[in-house]
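Shown next, in structure tokens, is the structure this report addresses.
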Amino acid sequence: MDLQIERERSSYNISGGCTALIVICLLGKLYVANAGDSRAIIIRNGEIVPMSSEFTPETERQRLQYLAFMQPHLLGNEFTHLEFPRRVQRKELGKKMLYRDFNMTGWAYKTIEDDDLKFPLIYGEGKKARVMATIGVTRGLGDHDLKVHDSNIYIKPFLSSAPEVRVYDLSKYEHGADDVLVLATDGLWDVLANEEVAEAITQFLPNCDPDDPHRYTLAAQDLVMRARGVLKDRGWRISNDRLGSGDDISVYVIPLIHGNKLS
């Protein structure tokens, strides 16, 4: 798919990129494929089963650093593949500072050199972490023409379209009407934890007519509203007066009870 987008991007004026979260039900099993920072969880009898991992500069630090180490020309002589707790300043040349390389899970000390003054390949923490100060997600589709601002350095070589695939065997469990698979973009997960989503689902679905075919759509809409919150004087707020999501929010709530017939 990503290669097809690359081939057709000029013919169809395709630009930008996106994450991908896909679920396929085949022979009694769910296959959940994720490339990006969307997330999937199964809620079964109130329990949470994670069905994906997020791919960000932080979670893929070692892969990105290794690629930059092996192909330093991709950094355009503007970046360093090493990670430091903060930006290195010229006055710190010759001094010791903590750093991490691709083959390290922890930190060690090194003597600061001229190359360490370059901007780090990965900078920032959490949702503010960026690759080359540009993009905060490391897997997905597209972004073939994405460059570092005001440069000719392409970021696409560091991005992967390869998904992580997790498998859930429907035949191992007897699913009830309130057991569901939740797929959502980071607009939901940025403000609601897995436990909060599971609690919302377990509170909402039992109050719906079990014969209502729209109950799962209504549950998805409820999650969107919980993540967006209520507009107040200080902006959109959710429970406990926390800041609501300012990102786009897409949510699917998929019942698993039909899987009983497939197993």
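Residues are named by chain letter and number: chains run A, B, ... in the order of the structure tokens, numbers start at 1 in each chain, and ligands are numbered from 1 in the order shown.
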Using DSSP on the backbone, list every residue of range 175-235 of chain A that comes out as strand (DSSP E or B), and give them as a PyMOL selection string. chain A and resi 180-184+230-232+235
To test your reading of the structure, identify every residue in range 26-246 of chain A that backbone DSSP assigns to alpha helix (DSSP H), and report it as an NGL selection string. :A and (61-70 or 186-189 or 194-204 or 215-228)
Preceding selection exported with C-alpha atoms as a short mmCIF file (atom, residue, chain, number, x, y, z; two decimals), in the first residue's frame:
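Written output follows (out-v1.cif):
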data_model
loop_
_atom_site.label_atom_id
_atom_site.label_comp_id
_atom_site.auth_asym_id
_atom_site.auth_seq_id
_atom_site.Cartn_x
_atom_site.Cartn_y
_atom_site.Cartn_z
CA ARG A 61 14.22 5.07 19.77
CA GLN A 62 16.66 2.19 19.31
CA ARG A 63 15.45 1.35 15.80
CA LEU A 64 15.74 4.97 14.70
CA GLN A 65 19.14 5.45 16.28
CA TYR A 66 20.47 2.24 14.75
CA LEU A 67 19.31 3.29 11.28
CA ALA A 68 20.98 6.68 11.70
CA PHE A 69 24.17 5.00 12.96
CA MET A 70 24.29 2.67 9.96
CA ASP A 186 -4.81 9.00 19.76
CA GLY A 187 -7.35 11.78 20.19
CA LEU A 188 -9.12 9.43 22.60
CA TRP A 189 -6.13 7.80 24.27
CA ASN A 194 -7.46 2.14 29.06
CA GLU A 195 -9.10 1.76 32.46
CA GLU A 196 -11.27 4.85 31.95
CA VAL A 197 -12.44 3.59 28.56
CA ALA A 198 -13.23 0.16 29.98
CA GLU A 199 -15.14 1.72 32.87
CA ALA A 200 -17.13 3.90 30.46
CA ILE A 201 -18.05 0.89 28.32
CA THR A 202 -19.07 -1.28 31.27
CA GLN A 203 -21.25 1.53 32.60
CA PHE A 204 -22.82 2.51 29.28
CA ARG A 215 -25.99 0.46 21.12
CA TYR A 216 -22.35 0.05 20.06
CA THR A 217 -22.46 3.17 17.91
CA LEU A 218 -23.91 5.05 20.87
CA ALA A 219 -21.11 3.70 23.07
CA ALA A 220 -18.53 4.99 20.59
CA GLN A 221 -20.22 8.39 20.56
CA ASP A 222 -20.18 8.41 24.36
CA LEU A 223 -16.42 7.84 24.36
CA VAL A 224 -15.92 10.69 21.89
CA MET A 225 -17.92 13.04 24.08
CA ARG A 226 -16.01 11.96 27.19
CA ALA A 227 -12.72 12.71 25.46
CA ARG A 228 -13.83 16.04 24.01
#
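With only C-alpha atoms as the atoms that count, the residue of A:Pro85, A:Gly246, A:Gly16, A:Pro157 with the shortest distance to Gln71 in chain A is A:Pro157.
Each of A:Ile48, A:Ile22, A:Val251, A:Val131 was checked against Asn34 in chain A using only C-alpha atoms; the smallest atom-to-atom distance is that of A:Ile22.
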Between A:Tyr31, A:Tyr123, A:Phe84, A:Tyr99, single out the one closest to Thr56 in chain A, counting only C-alpha atoms. A:Tyr123
Which residues, written as a list in words, have at least one atom at most 7 Å from range 137-140 of chain A, with only C-alpha atoms counted and residues fewer than 4 positions away on the same chain left out? Cys18, Thr19, Ala20, Ala35, Gly36, Asp37, Phe55, Thr56, Pro57, Leu159, Ser160 and Ser161 of chain A
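The coordinates place CA of Leu74 in chain A at 21.8 Å from CA of Arg7 in chain A.
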Just checking: using only C-alpha atoms, which residue out of A:Trp107, A:Phe158, A:Tyr168, A:Phe119 ends up closest to Gly259 in chain A? A:Tyr168
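Residue neighbourhood of Asn152 in chain A, excluding near-sequence residues (fewer than 6 positions): His73, Leu74, Leu75, Gly76, Asn77, Glu78, Asp145 and Leu146 of chain A, at 12 Å, using only C-alpha atoms.
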For range 43-83 of chain A against range 172-181 of chain A, with a cut-off of 12 Å and counting only C-alpha atoms, what is the closest atom pair and its distance in Å to one decimal for every residue that makes the cut, ordered by chain and number, as CSV?
residue,atom,partner,partner_atom,distance
A:Ile43,CA,A:Val180,CA,5.4
A:Arg44,CA,A:Asp179,CA,4.7
A:Asn45,CA,A:Asp179,CA,6.4
A:Gly46,CA,A:Asp179,CA,7.9
A:Glu47,CA,A:Asp179,CA,9.3
A:Ile48,CA,A:Leu181,CA,9.8
A:Val49,CA,A:Leu181,CA,9.2
A:Pro50,CA,A:Leu181,CA,9.8
A:Met51,CA,A:Leu181,CA,9.0
A:Ser52,CA,A:Leu181,CA,11.6
Keeping only N, CA and C atoms, write the selected residues to a file as a PDB file, in the first residue's frame.
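Resulting contents of selection.pdb:
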ATOM      1  N   ILE A  43     -12.279  -5.380  25.681  1.00  0.00           N
ATOM      2  CA  ILE A  43     -12.868  -5.322  27.019  1.00  0.00           C
ATOM      3  C   ILE A  43     -13.755  -6.550  27.165  1.00  0.00           C
ATOM      4  N   ARG A  44     -13.327  -7.468  28.005  1.00  0.00           N
ATOM      5  CA  ARG A  44     -14.013  -8.753  28.171  1.00  0.00           C
ATOM      6  C   ARG A  44     -14.283  -8.988  29.653  1.00  0.00           C
ATOM      7  N   ASN A  45     -15.563  -9.035  30.008  1.00  0.00           N
ATOM      8  CA  ASN A  45     -15.952  -9.189  31.419  1.00  0.00           C
ATOM      9  C   ASN A  45     -15.307  -8.122  32.298  1.00  0.00           C
ATOM     10  N   GLY A  46     -15.191  -6.929  31.754  1.00  0.00           N
ATOM     11  CA  GLY A  46     -14.609  -5.829  32.504  1.00  0.00           C
ATOM     12  C   GLY A  46     -13.097  -5.813  32.514  1.00  0.00           C
ATOM     13  N   GLU A  47     -12.463  -6.854  31.980  1.00  0.00           N
ATOM     14  CA  GLU A  47     -11.010  -6.918  31.920  1.00  0.00           C
ATOM     15  C   GLU A  47     -10.502  -6.318  30.609  1.00  0.00           C
ATOM     16  N   ILE A  48      -9.267  -5.828  30.644  1.00  0.00           N
ATOM     17  CA  ILE A  48      -8.674  -5.167  29.481  1.00  0.00           C
ATOM     18  C   ILE A  48      -7.616  -6.069  28.858  1.00  0.00           C
ATOM     19  N   VAL A  49      -7.723  -6.275  27.552  1.00  0.00           N
ATOM     20  CA  VAL A  49      -6.717  -7.029  26.803  1.00  0.00           C
ATOM     21  C   VAL A  49      -6.112  -6.091  25.757  1.00  0.00           C
ATOM     22  N   PRO A  50      -4.888  -5.603  25.951  1.00  0.00           N
ATOM     23  CA  PRO A  50      -4.267  -4.724  24.945  1.00  0.00           C
ATOM     24  C   PRO A  50      -4.045  -5.482  23.638  1.00  0.00           C
ATOM     25  N   MET A  51      -4.391  -4.846  22.522  1.00  0.00           N
ATOM     26  CA  MET A  51      -4.254  -5.483  21.214  1.00  0.00           C
ATOM     27  C   MET A  51      -3.345  -4.697  20.275  1.00  0.00           C
ATOM     28  N   SER A  52      -2.591  -3.748  20.804  1.00  0.00           N
ATOM     29  CA  SER A  52      -1.682  -2.981  19.950  1.00  0.00           C
ATOM     30  C   SER A  52      -0.644  -2.280  20.806  1.00  0.00           C
TER      31      SER A  52
END
Give me the residues near Arg39 in chain A as a PyMOL selection string, where near means some atom within 7 Å (using only C-alpha atoms) and where sequence neighbours in that chain fewer than 3 positions away do not count. chain A and resi 52-54+183-185
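For the pair CA of Arg90 in chain A and CA of Leu117 in chain A, the separation is 6.7 Å.
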Contacts of Asp169 in chain A within 10 Å, only C-alpha atoms, excl. fewer than 6 positions in-chain, as an mmCIF file with N, CA and C atoms, in the first residue's frame:
data_model
loop_
_atom_site.group_PDB
_atom_site.id
_atom_site.type_symbol
_atom_site.label_atom_id
_atom_site.label_comp_id
_atom_site.auth_asym_id
_atom_site.auth_seq_id
_atom_site.Cartn_x
_atom_site.Cartn_y
_atom_site.Cartn_z
ATOM 1 N N CYS A 25 -11.330 -10.395 10.897
ATOM 2 C CA CYS A 25 -11.811 -11.616 11.540
ATOM 3 C C CYS A 25 -11.719 -12.747 10.519
ATOM 4 N N LEU A 26 -10.908 -13.752 10.836
ATOM 5 C CA LEU A 26 -10.668 -14.825 9.878
ATOM 6 C C LEU A 26 -10.566 -16.160 10.618
ATOM 7 N N LEU A 27 -11.445 -17.089 10.250
ATOM 8 C CA LEU A 27 -11.422 -18.443 10.813
ATOM 9 C C LEU A 27 -11.423 -18.439 12.341
ATOM 10 N N GLY A 28 -12.281 -17.601 12.903
ATOM 11 C CA GLY A 28 -12.450 -17.592 14.345
ATOM 12 C C GLY A 28 -11.390 -16.847 15.118
ATOM 13 N N LYS A 29 -10.563 -16.081 14.417
ATOM 14 C CA LYS A 29 -9.530 -15.303 15.094
ATOM 15 C C LYS A 29 -9.571 -13.852 14.634
ATOM 16 N N LEU A 30 -9.243 -12.955 15.558
ATOM 17 C CA LEU A 30 -9.107 -11.540 15.230
ATOM 18 C C LEU A 30 -7.640 -11.224 15.009
ATOM 19 N N TYR A 31 -7.353 -10.586 13.887
ATOM 20 C CA TYR A 31 -5.997 -10.122 13.591
ATOM 21 C C TYR A 31 -6.020 -8.600 13.620
ATOM 22 N N GLY A 259 -18.630 -13.550 17.571
ATOM 23 C CA GLY A 259 -17.517 -14.480 17.418
ATOM 24 C C GLY A 259 -17.817 -15.851 17.978
ATOM 25 N N SER A 263 -16.557 -19.722 16.220
ATOM 26 C CA SER A 263 -15.603 -20.644 16.851
ATOM 27 C C SER A 263 -16.130 -22.077 16.861
#
